[in-house]
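Participant: data-v7.tsv is the file, holding TSV, C-alpha atoms and all ligand atoms:
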```tsv
chain	number	residue	atom	x	y	z
A	204	MET	CA	0.00	0.00	0.00
A	205	LEU	CA	1.31	3.41	-0.88
A	206	ASN	CA	1.64	5.21	2.44
A	207	SER	CA	1.64	8.64	0.83
A	208	LEU	CA	-1.80	7.95	-0.66
A	209	VAL	CA	-3.15	6.96	2.75
A	210	TYR	CA	-1.71	10.11	4.33
A	211	SER	CA	-3.12	12.52	1.78
A	212	ARG	CA	-6.63	10.97	1.86
A	213	LEU	CA	-6.64	10.61	5.63
A	214	TYR	CA	-5.34	14.10	6.40
A	215	ASP	CA	-7.69	15.69	3.95
A	216	TRP	CA	-10.63	13.89	5.56
A	217	TYR	CA	-9.36	14.78	9.06
A	218	GLU	CA	-8.94	18.45	8.23
A	219	LYS	CA	-12.60	18.67	7.22
A	220	ASN	CA	-14.22	16.37	9.76
A	221	HIS	CA	-12.36	16.13	13.05
A	222	ARG	CA	-13.95	17.06	16.36
A	223	VAL	CA	-12.40	19.81	18.41
A	224	LEU	CA	-11.40	18.04	21.64
A	225	PRO	CA	-9.55	19.86	24.43
A	226	TRP	CA	-6.91	17.13	24.82
A	227	ARG	CA	-6.09	17.38	21.11
A	228	GLU	CA	-5.52	21.13	21.42
A	229	THR	CA	-2.66	20.79	23.89
A	230	THR	CA	0.80	19.24	24.02
A	231	ASP	CA	0.83	19.04	27.83
A	232	GLY	CA	1.78	15.43	28.65
A	233	TYR	CA	-0.21	15.49	31.90
A	234	ALA	CA	-3.44	16.65	30.24
A	235	ILE	CA	-3.06	14.11	27.43
A	236	TRP	CA	-2.33	11.29	29.86
A	237	LEU	CA	-5.38	12.25	31.93
A	238	SER	CA	-7.61	12.21	28.84
A	239	GLU	CA	-6.24	8.88	27.64
A	240	ILE	CA	-6.84	7.17	30.98
A	241	ILE	CA	-10.36	8.60	31.23
A	242	LEU	CA	-11.18	7.61	27.65
A	243	GLN	CA	-10.17	3.95	28.05
A	244	GLN	CA	-13.47	2.01	27.89
A	245	THR	CA	-15.39	5.32	27.89
A	246	ARG	CA	-17.18	7.24	25.15
A	247	VAL	CA	-15.88	10.72	24.33
A	248	ALA	CA	-19.18	12.40	25.26
A	249	GLN	CA	-19.10	10.90	28.76
A	250	GLY	CA	-15.32	11.22	29.19
A	251	MET	CA	-15.33	14.93	28.31
A	252	GLU	CA	-17.28	15.88	31.43
A	253	TYR	CA	-14.84	13.93	33.64
A	254	TYR	CA	-11.77	15.29	31.86
A	255	LEU	CA	-12.92	18.90	32.34
A	256	ARG	CA	-13.71	18.27	36.00
A	257	PHE	CA	-10.34	16.61	36.68
A	258	ILE	CA	-8.28	19.24	34.88
A	259	ASP	CA	-10.18	22.00	36.62
A	260	ARG	CA	-9.77	20.47	40.08
A	261	TRP	CA	-6.20	19.17	39.57
A	262	PRO	CA	-4.57	21.28	36.82
A	263	THR	CA	-1.10	19.81	37.32
A	264	VAL	CA	0.30	16.41	38.13
A	265	GLU	CA	1.47	17.75	41.52
A	266	ASP	CA	-2.10	18.80	42.35
A	267	LEU	CA	-3.36	15.32	41.54
A	268	ALA	CA	-0.58	13.74	43.59
A	269	ARG	CA	-1.59	15.84	46.62
A	270	ALA	CA	-5.22	14.63	46.49
A	271	ASN	CA	-6.10	11.59	48.54
A	272	GLU	CA	-7.20	8.39	46.85
A	273	GLU	CA	-10.73	8.71	48.13
A	274	GLU	CA	-11.20	12.15	46.53
A	275	VAL	CA	-9.95	10.78	43.22
A	276	LEU	CA	-12.27	7.77	43.40
A	277	ARG	CA	-15.13	10.06	44.31
A	278	GLU	CA	-14.48	12.26	41.26
A	279	TRP	CA	-14.21	9.10	39.12
A	280	GLN	CA	-17.54	7.80	40.33
A	281	GLY	CA	-19.78	6.56	37.50
A	282	LEU	CA	-16.94	5.89	35.04
A	283	GLY	CA	-16.33	2.30	36.16
A	284	TYR	CA	-13.05	0.36	35.94
A	285	TYR	CA	-11.85	2.04	39.12
A	286	SER	CA	-8.37	0.54	38.88
A	287	ARG	CA	-7.77	3.26	36.26
A	288	ALA	CA	-8.39	5.97	38.89
A	289	ARG	CA	-6.21	4.25	41.48
A	290	ASN	CA	-3.37	3.86	38.97
A	291	LEU	CA	-3.78	7.46	37.82
A	292	HIS	CA	-3.33	8.64	41.38
A	293	LYS	CA	-0.44	6.28	42.07
A	294	ALA	CA	1.35	7.38	38.89
A	295	ALA	CA	0.86	11.07	39.77
A	296	GLN	CA	2.49	10.44	43.14
A	297	ILE	CA	5.43	8.67	41.51
A	298	ILE	CA	5.97	11.56	39.08
A	299	ALA	CA	5.58	14.23	41.76
A	300	GLY	CA	7.85	12.25	44.10
A	301	ARG	CA	10.62	12.23	41.50
A	302	GLY	CA	9.97	15.95	40.98
A	303	LYS	CA	10.74	16.66	44.64
A	304	ASP	CA	14.24	15.20	44.18
A	305	GLN	CA	14.75	17.14	40.95
A	306	GLY	CA	13.27	20.44	42.16
A	307	GLU	CA	10.31	20.25	39.74
A	308	SER	CA	8.05	17.51	38.40
A	309	ILE	CA	8.95	16.51	34.92
A	310	PHE	CA	6.30	14.54	33.15
A	311	PRO	CA	7.96	11.49	31.54
A	312	ARG	CA	8.95	12.15	27.93
A	313	THR	CA	10.06	8.78	26.61
A	314	PHE	CA	7.92	5.83	25.57
A	315	GLU	CA	9.76	3.57	28.04
A	316	ALA	CA	9.36	5.95	30.99
A	317	LEU	CA	5.68	6.44	30.17
A	318	GLN	CA	5.07	2.72	29.89
A	319	ALA	CA	6.69	2.18	33.30
A	320	LEU	CA	3.89	4.18	34.98
A	321	PRO	CA	1.08	2.20	36.64
A	322	GLY	CA	-1.89	1.84	34.30
A	323	VAL	CA	0.03	2.89	31.18
A	324	GLY	CA	0.30	0.17	28.55
A	325	GLU	CA	1.64	0.15	25.04
A	326	TYR	CA	-1.33	2.03	23.59
A	327	THR	CA	-1.37	4.84	26.17
A	328	ALA	CA	2.41	5.29	26.10
A	329	GLY	CA	2.27	5.56	22.28
A	330	ALA	CA	-0.62	8.01	22.43
A	331	ILE	CA	1.13	10.33	24.92
A	332	ALA	CA	4.52	10.08	23.16
A	333	SER	CA	2.98	11.00	19.81
A	334	PHE	CA	0.31	13.53	20.87
A	335	ALA	CA	2.46	15.38	23.41
A	336	TYR	CA	5.95	15.06	21.92
A	337	ASN	CA	5.31	14.08	18.27
A	338	GLN	CA	7.45	10.96	18.70
A	339	PRO	CA	7.06	8.17	16.13
A	340	TYR	CA	5.01	5.62	18.08
A	341	PRO	CA	1.68	4.21	16.96
A	342	ALA	CA	-1.36	4.62	19.21
A	343	MET	CA	-3.29	1.45	18.56
A	344	ASP	CA	-6.78	1.67	20.01
A	345	GLY	CA	-9.84	-0.27	18.85
A	346	ASN	CA	-10.56	2.28	16.11
A	347	VAL	CA	-7.08	1.94	14.68
A	348	TYR	CA	-7.20	-1.86	14.73
A	349	ARG	CA	-10.47	-1.71	12.80
A	350	VAL	CA	-9.22	0.70	10.13
A	351	VAL	CA	-5.95	-1.19	9.64
A	352	ALA	CA	-7.68	-4.59	9.55
A	353	ARG	CA	-10.02	-3.32	6.83
A	354	LEU	CA	-7.50	-1.35	4.79
A	355	MET	CA	-5.17	-4.36	4.67
A	356	ASP	CA	-7.81	-7.10	4.87
A	357	ILE	CA	-6.26	-8.78	7.92
A	358	ASP	CA	-8.41	-11.55	9.39
A	359	GLU	CA	-6.06	-12.50	12.24
A	360	PRO	CA	-7.69	-11.75	15.65
A	361	PHE	CA	-6.18	-8.48	16.81
A	362	ASP	CA	-6.39	-9.29	20.51
A	363	THR	CA	-4.13	-12.36	20.61
A	364	THR	CA	-0.38	-12.13	21.19
A	365	ALA	CA	0.36	-13.13	17.60
A	366	GLY	CA	-2.32	-10.78	16.25
A	367	LYS	CA	-1.02	-7.83	18.26
A	368	LYS	CA	2.48	-8.39	16.91
A	369	LEU	CA	1.22	-8.60	13.34
A	370	PHE	CA	-0.87	-5.43	13.65
A	371	ARG	CA	1.96	-3.58	15.33
A	372	ARG	CA	4.29	-4.46	12.46
A	373	GLU	CA	1.74	-3.27	9.91
A	374	ILE	CA	0.95	-0.01	11.66
A	375	GLU	CA	4.63	0.75	12.25
A	376	GLU	CA	5.16	0.44	8.52
A	377	LEU	CA	2.19	2.65	7.82
A	378	LEU	CA	3.00	5.30	10.49
A	379	ASP	CA	3.91	8.73	9.17
A	380	ARG	CA	7.25	9.28	10.88
A	381	ASN	CA	7.32	12.91	9.78
A	382	ASN	CA	4.11	13.66	11.59
A	383	PRO	CA	3.11	10.91	14.03
A	384	ARG	CA	0.88	13.29	16.00
A	385	LEU	CA	-1.27	14.08	12.97
A	386	PHE	CA	-1.22	10.50	11.69
A	387	ASN	CA	-2.39	8.99	14.99
A	388	SER	CA	-5.03	11.67	15.51
A	389	ALA	CA	-6.35	11.25	11.97
A	390	ILE	CA	-6.52	7.45	11.86
A	391	MET	CA	-8.16	7.27	15.31
A	392	GLU	CA	-10.71	9.89	14.38
A	393	PHE	CA	-11.40	8.22	11.03
A	394	GLY	CA	-12.12	4.94	12.86
A	395	ALA	CA	-14.24	6.67	15.49
A	396	LEU	CA	-16.38	8.68	13.07
A	397	TYR	CA	-16.26	7.14	9.61
A	398	CYS	CA	-14.96	3.57	9.38
A	399	THR	CA	-17.20	2.53	12.28
A	400	PRO	CA	-18.19	-1.03	13.31
A	401	VAL	CA	-21.40	-0.85	11.28
A	402	LEU	CA	-20.48	0.54	7.87
A	403	GLY	CA	-23.86	1.05	6.20
A	404	GLU	CA	-23.24	3.08	3.06
A	405	ALA	CA	-19.92	4.54	4.27
A	406	CYS	CA	-17.64	2.59	1.90
A	407	ALA	CA	-19.38	3.82	-1.22
A	408	SER	CA	-18.26	7.40	-0.57
A	409	CYS	CA	-15.11	6.67	1.44
A	410	PRO	CA	-12.02	8.65	0.40
A	411	MET	CA	-9.98	5.46	0.74
A	412	LYS	CA	-12.22	3.01	-1.06
A	413	ASP	CA	-9.88	2.60	-4.05
A	414	ILE	CA	-6.98	1.56	-1.79
A	415	CYS	CA	-8.97	-0.43	0.80
A	416	LEU	CA	-8.44	-4.18	0.43
A	417	GLY	CA	-11.31	-5.05	2.78
A	418	TYR	CA	-13.68	-3.08	0.55
A	419	ALA	CA	-12.23	-4.60	-2.63
A	420	HIS	CA	-12.58	-8.15	-1.25
A	421	GLY	CA	-16.02	-7.58	0.32
A	422	THR	CA	-14.73	-8.46	3.81
A	423	ALA	CA	-14.71	-5.01	5.44
A	424	GLU	CA	-17.89	-5.51	7.46
A	425	LEU	CA	-16.48	-8.73	8.98
A	426	LEU	CA	-13.31	-7.07	10.22
A	427	PRO	CA	-11.60	-6.81	12.61
A	428	VAL	CA	-11.74	-10.34	14.04
A	429	ARG	CA	-11.57	-10.87	17.81
A	430	LYS	CA	-10.71	-14.00	19.76
A	431	PRO	CA	-13.77	-15.66	21.37
A	432	ARG	CA	-14.86	-13.78	24.48
A	433	PRO	CA	-14.55	-15.44	27.89
A	434	LYS	CA	-17.78	-16.63	29.48
A	435	VAL	CA	-19.62	-14.13	31.63
A	436	ARG	CA	-19.82	-15.25	35.30
A	437	ASP	CA	-23.05	-14.79	37.29
A	438	ARG	CA	-22.78	-13.52	40.88
A	439	TRP	CA	-25.56	-13.04	43.43
A	440	LEU	CA	-25.09	-10.23	45.92
A	441	ASP	CA	-27.51	-9.37	48.72
A	442	TYR	CA	-27.21	-5.88	50.15
A	443	HIS	CA	-28.71	-4.77	53.45
A	444	VAL	CA	-29.79	-1.17	53.57
A	445	TYR	CA	-30.32	-0.35	57.24
A	446	VAL	CA	-32.17	2.89	57.72
A	447	GLN	CA	-32.50	4.52	61.10
A	448	GLY	CA	-35.27	7.07	60.98
A	449	SER	CA	-34.42	8.02	57.35
A	450	LEU	CA	-31.35	9.69	58.80
A	451	TYR	CA	-28.56	7.19	59.30
A	452	THR	CA	-27.35	4.11	57.47
A	453	LEU	CA	-24.40	1.70	57.36
A	454	ILE	CA	-21.82	1.44	54.61
A	455	GLN	CA	-18.66	-0.58	54.17
A	456	ARG	CA	-15.60	-0.35	51.94
A	457	ARG	CA	-14.69	-3.23	49.62
A	458	GLU	CA	-11.24	-4.34	50.64
A	459	ASN	CA	-10.30	-7.15	48.25
A	460	PRO	CA	-7.82	-5.74	45.70
A	461	LYS	CA	-8.45	-8.70	43.39
A	462	ASP	CA	-12.21	-8.24	43.27
A	463	ILE	CA	-14.47	-5.67	41.63
A	464	TRP	CA	-14.93	-2.19	43.13
A	465	TYR	CA	-11.82	-2.25	45.30
A	466	HIS	CA	-11.90	0.58	47.86
A	467	LEU	CA	-15.39	1.71	46.87
A	468	TYR	CA	-18.19	1.96	49.38
A	469	GLU	CA	-21.48	0.10	49.37
A	470	PHE	CA	-24.16	-1.14	51.75
A	471	PRO	CA	-23.27	-4.23	53.85
A	472	CYS	CA	-23.15	-7.10	51.41
A	473	GLU	CA	-23.43	-10.89	51.48
A	474	GLU	CA	-22.47	-12.94	48.46
A	475	ARG	CA	-24.40	-16.12	47.65
A	476	SER	CA	-22.79	-18.98	45.80
A	477	GLU	CA	-25.94	-19.67	43.82
A	478	LYS	CA	-29.23	-18.09	42.86
A	479	PRO	CA	-31.07	-17.43	46.15
A	480	GLU	CA	-34.72	-18.05	47.02
A	481	GLU	CA	-36.92	-14.97	46.85
A	482	LYS	CA	-37.54	-13.16	50.17
A	483	GLU	CA	-40.76	-11.26	49.93
A	484	ASN	CA	-41.15	-9.91	53.43
A	485	LEU	CA	-38.95	-6.83	53.04
A	486	LYS	CA	-38.90	-3.87	50.69
A	487	THR	CA	-36.52	-5.10	48.01
A	488	VAL	CA	-34.95	-3.64	44.89
A	489	HIS	CA	-33.65	-6.13	42.32
A	490	LEU	CA	-31.00	-4.96	39.89
A	491	VAL	CA	-28.94	-6.73	37.28
A	492	HIS	CA	-25.62	-5.04	36.66
A	493	ILE	CA	-23.41	-6.05	33.74
A	494	LEU	CA	-19.65	-5.77	33.93
A	495	SER	CA	-17.18	-6.96	31.30
A	496	HIS	CA	-16.88	-10.52	32.68
A	497	GLN	CA	-19.53	-10.63	35.36
A	498	ARG	CA	-23.29	-10.36	35.55
A	499	ILE	CA	-24.24	-9.16	39.02
A	500	HIS	CA	-27.71	-10.07	40.32
A	501	ALA	CA	-28.20	-7.74	43.25
A	502	ARG	CA	-30.98	-7.54	45.78
A	503	PHE	CA	-31.18	-4.54	48.10
A	504	PHE	CA	-33.20	-5.25	51.23
A	505	VAL	CA	-34.37	-2.23	53.15
A	506	HIS	CA	-34.45	-2.65	56.95
A	507	PRO	CA	-36.05	0.26	58.83
A	508	VAL	CA	-34.52	-0.04	62.33
A	509	GLU	CA	-34.58	1.82	65.63
A	510	THR	CA	-30.93	1.05	66.30
A	511	LEU	CA	-28.37	0.25	63.66
A	512	PRO	CA	-26.83	-3.21	64.11
A	513	ALA	CA	-23.13	-3.51	64.97
A	514	ILE	CA	-21.58	-5.12	61.87
A	515	GLU	CA	-17.83	-5.47	61.70
A	516	GLY	CA	-16.16	-3.35	59.01
A	517	THR	CA	-19.12	-0.98	58.57
A	518	LYS	CA	-19.43	2.66	59.47
A	519	VAL	CA	-22.43	4.75	60.41
A	520	ILE	CA	-23.10	7.75	58.19
A	521	ARG	CA	-25.90	10.19	57.60
A	522	TRP	CA	-28.03	9.18	54.61
A	523	GLU	CA	-27.60	12.66	53.12
A	524	ASP	CA	-23.80	12.22	53.23
A	525	LEU	CA	-23.81	9.11	51.01
A	526	ASN	CA	-22.68	11.21	48.07
A	527	ASP	CA	-19.48	12.17	49.89
A	528	TYR	CA	-18.25	8.60	49.42
A	529	ALA	CA	-16.95	6.88	46.30
A	530	LEU	CA	-19.77	4.47	45.54
A	531	SER	CA	-20.00	1.76	42.90
A	532	ARG	CA	-22.32	2.45	39.97
A	533	LEU	CA	-24.56	-0.39	41.20
A	534	THR	CA	-24.93	1.27	44.62
A	535	LEU	CA	-25.78	4.58	42.94
A	536	ARG	CA	-28.45	2.86	40.85
A	537	ALA	CA	-29.89	1.27	43.97
A	538	ILE	CA	-30.01	4.60	45.82
A	539	GLU	CA	-31.92	6.11	42.90
A	540	SER	CA	-34.45	3.28	43.02
A	541	LEU	CA	-34.79	3.11	46.79
A	542	CYS	CA	-35.95	6.68	47.50
A	543	VAL	CA	-35.62	6.07	51.25
A	601	LIG	S1	-13.70	1.69	2.24
A	601	LIG	FE1	-15.00	1.18	3.95
A	601	LIG	S2	-13.82	-0.31	5.13
A	601	LIG	FE2	-12.40	0.72	3.75
A	601	LIG	S3	-11.55	2.37	4.94
A	601	LIG	FE3	-13.30	3.20	3.83
A	601	LIG	S4	-15.02	2.99	5.26
A	601	LIG	FE4	-13.38	1.70	6.01
```
Can I see the file as structure tokens?
Facilitator:
Amino acid sequence: MLNSLVYSRLYDWYEKNHRVLPWRETTDGYAIWLSEIILQQTRVAQGMEYYLRFIDRWPTVEDLARANEEEVLREWQGLGYYSRARNLHKAAQIIAGRGKDQGESIFPRTFEALQALPGVGEYTAGAIASFAYNQPYPAMDGNVYRVVARLMDIDEPFDTTAGKKLFRREIEELLDRNNPRLFNSAIMEFGALYCTPVLGEACASCPMKDICLGYAHGTAELLPVRKPRPKVRDRWLDYHVYVQGSLYTLIQRRENPKDIWYHLYEFPCEERSEKPEEKENLKTVHLVHILSHQRIHARFFVHPVETLPAIEGTKVIRWEDLNDYALSRLTLRAIESLCV
């Protein structure tokens, strides 16, 4: 494939169609890193609100490092995948800690130093290196895998070790080393807005249709290929919402670092090993909550009480202060439905 043809078509399309996004208007490594972590597994429309809040509250990496983990989790609430927030905070502390020794915090500038930060993998390191410093690294997100798979008609699953290597080789050959920032921005945006999972009529008027092998071979819609997804596991969680005079309740923090929602708060919880019998004698809210590999079947039992029970690991808080704690999305949904 003639790279120069791809560049001219892609850049021309990008010039006319790209969205104005605050993290694409800056070369500040911290701001770009923040946006990339927020945007992992998150749509731009939702991520924007979080990005603006974070950058407003913690404009520099030192500010973020000075926050406590609970404040960061609280600000992250609703985005899910909370390990991203914990790693973000941990990485900020590492960078600011080095800064103290050096007299000022210097945001890492090499691919290797970026990739050494907690929560920064190959994709994120490549994105920061290219967007902030215009260094020649690909930023291979799902959109880029899709565009490359279609342009080159690659039917190898992109999420296996062998597939990742193959795609990386291809994209490194395609990368515009004279302008990696523009190339990565353009190909990601093209995948996000034009060469989308469902193509509809897009190919017929695509600026790259005459050089797209997937289009020529009629395989574009089937690409990219993924490896089979792991089975989703069902879990049954019973929550006990103790309410003392509509004023006080009990919450507890999840303390297992290997389980979901580590360090987030929720109502006292019991996990069942199998689907439980229905209990009809209490006010109950049933919710099904889908995570990437788990389907949570949750029941929230409301117990109006005169005195809150003493349950190890819980704390008593005012009901109106619930929002001061970093709560899982499931707990937030339950609170909305409970209207205690
Ligand atoms: S022709 Fe279709 S599949 Fe190929 S790059 Fe364009 S939109 Fe994507």
Participant: Would you list the contacts of Arg227 of chain A as a PDB file with C-alpha atoms, keeping the file's coordinate frame, taking every protein, DNA or RNA residue within 9 Å and counting only C-alpha atoms, but skipping same-chain residues closer than 6 positions in sequence?
Facilitator:
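Contents of around_20.pdb, as written:
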```pdb
ATOM      1  CA  ILE A 235      -3.060  14.110  27.430  1.00  0.00           C
ATOM      2  CA  PHE A 334       0.310  13.530  20.870  1.00  0.00           C
ATOM      3  CA  SER A 388      -5.030  11.670  15.510  1.00  0.00           C
TER       4      SER A 388
END
```
Participant: Hey, which residues come within 6 Å of ligand LIG 601 (chain A) if we count all atoms listed in the file? Could you give them as a list in words?
Facilitator: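 Protein and nucleic-acid residues within 6 Å of ligand LIG 601 (chain A): Val350, Arg353, Leu354, Cys398, Ala405, Cys406, Cys409, Met411, Lys412, Cys415, Gly417, Tyr418 and Ala423 of chain A.
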Participant: Quick one: residues within 9 Å of Leu530 of chain A, all atoms listed in the file, excluding same-chain residues fewer than 5 positions away - as a list in words?
Facilitator: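 Skipping anything fewer than 5 positions along the chain leaves Leu276, Arg277, Gln280, Gly281, Trp464, Leu467, Tyr468, Glu469, Leu525 and Leu535 of chain A.
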Participant: Residues within 7 Å of segment 315-327 of chain A, please, as a ChimeraX atom specification. Count all atoms listed in the file; anything in the same chain fewer than 3 positions from it doesn't count.
Facilitator: /A:239,287,290-291,293-294,311-312,330-331,342-344
Participant: Restricting it to C-alpha atoms, dump the selection as a short mmCIF file (atom, residue, chain, number, x, y, z; two decimals), keeping the file's coordinate frame.
Facilitator:
```cif
data_model
loop_
_atom_site.label_atom_id
_atom_site.label_comp_id
_atom_site.auth_asym_id
_atom_site.auth_seq_id
_atom_site.Cartn_x
_atom_site.Cartn_y
_atom_site.Cartn_z
CA GLU A 239 -6.24 8.88 27.64
CA ARG A 287 -7.77 3.26 36.26
CA ASN A 290 -3.37 3.86 38.97
CA LEU A 291 -3.78 7.46 37.82
CA LYS A 293 -0.44 6.28 42.07
CA ALA A 294 1.35 7.38 38.89
CA PRO A 311 7.96 11.49 31.54
CA ARG A 312 8.95 12.15 27.93
CA ALA A 330 -0.62 8.01 22.43
CA ILE A 331 1.13 10.33 24.92
CA ALA A 342 -1.36 4.62 19.21
CA MET A 343 -3.29 1.45 18.56
CA ASP A 344 -6.78 1.67 20.01
#
```
Participant: Between atom CA of Arg260 of chain A and atom CA of Asn526 of chain A, what is the distance, to one decimal in Å?
Facilitator: 17.8 Å
Participant: Atom CA of Pro339 of chain A and atom CA of Thr313 of chain A are how many Å apart?
Facilitator: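 Between atom CA of Pro339 of chain A and atom CA of Thr313 of chain A the gap is 10.9 Å.
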Participant: I'd like the neighbourhood of Tyr397 of chain A as a short mmCIF file (atom, residue, chain, number, x, y, z; two decimals) with C-alpha atoms, in the coordinates of the input, where a residue qualifies if any of its atoms comes within 12 Å (using only C-alpha atoms), though same-chain residues fewer than 6 positions away should be ignored.
Facilitator:
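Result saved to out.cif:
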```cif
data_model
loop_
_atom_site.label_atom_id
_atom_site.label_comp_id
_atom_site.auth_asym_id
_atom_site.auth_seq_id
_atom_site.Cartn_x
_atom_site.Cartn_y
_atom_site.Cartn_z
CA LEU A 213 -6.64 10.61 5.63
CA TRP A 216 -10.63 13.89 5.56
CA TYR A 217 -9.36 14.78 9.06
CA ASN A 220 -14.22 16.37 9.76
CA HIS A 221 -12.36 16.13 13.05
CA ASN A 346 -10.56 2.28 16.11
CA VAL A 347 -7.08 1.94 14.68
CA ARG A 349 -10.47 -1.71 12.80
CA VAL A 350 -9.22 0.70 10.13
CA ALA A 389 -6.35 11.25 11.97
CA ILE A 390 -6.52 7.45 11.86
CA MET A 391 -8.16 7.27 15.31
CA GLY A 403 -23.86 1.05 6.20
CA GLU A 404 -23.24 3.08 3.06
CA ALA A 405 -19.92 4.54 4.27
CA CYS A 406 -17.64 2.59 1.90
CA ALA A 407 -19.38 3.82 -1.22
CA SER A 408 -18.26 7.40 -0.57
CA CYS A 409 -15.11 6.67 1.44
CA PRO A 410 -12.02 8.65 0.40
CA MET A 411 -9.98 5.46 0.74
#
```
Participant: Could you work out how far atom CA of Tyr336 of chain A lies from atom CA of Phe314 of chain A, giving the answer in Å with one decimal?
Facilitator: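 So the two atoms, atom CA of Phe314 of chain A and atom CA of Tyr336 of chain A, lie 10.1 Å apart.
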Participant: For each of A:Thr245, A:Ser286, A:Thr452, A:Ser540, take the minimum atom-to-atom distance to Glu523 of chain A, counting all atoms listed in the file, then give the residue where this is smallest.
Facilitator: A:Thr452
Participant: Residues at most 9 Å from segment 359-367 of chain A, counting all atoms listed in the file, excluding those fewer than 5 positions away in the same chain, as a ChimeraX atom specification?
Facilitator: /A:348-349,352,372,427-430
Participant: Taking only C-alpha atoms into account, name the residue in A:Pro471, A:Ala332, A:Phe393, A:His466 that is nearest to Val209 of chain A.
Facilitator: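 Looking only at the distances to Val209 of chain A, the closest residue turns out to be A:Phe393.
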Participant: Please give the centre and size of the box around segment 371-380 of chain A (axis-aligned, containing every atom listed in the file, 4 Å added per side), with values in Å to one decimal and written as JSON.
Facilitator:
```
{"center_x": 4.1, "center_y": 2.4, "center_z": 11.6, "size_x": 14.3, "size_y": 21.7, "size_z": 15.5}
```
Participant: Which of these, A:Leu369, A:His443, A:Thr534, A:Ile258, has the shortest distance to Pro507 of chain A once you count all atoms listed in the file?
Facilitator: A:His443
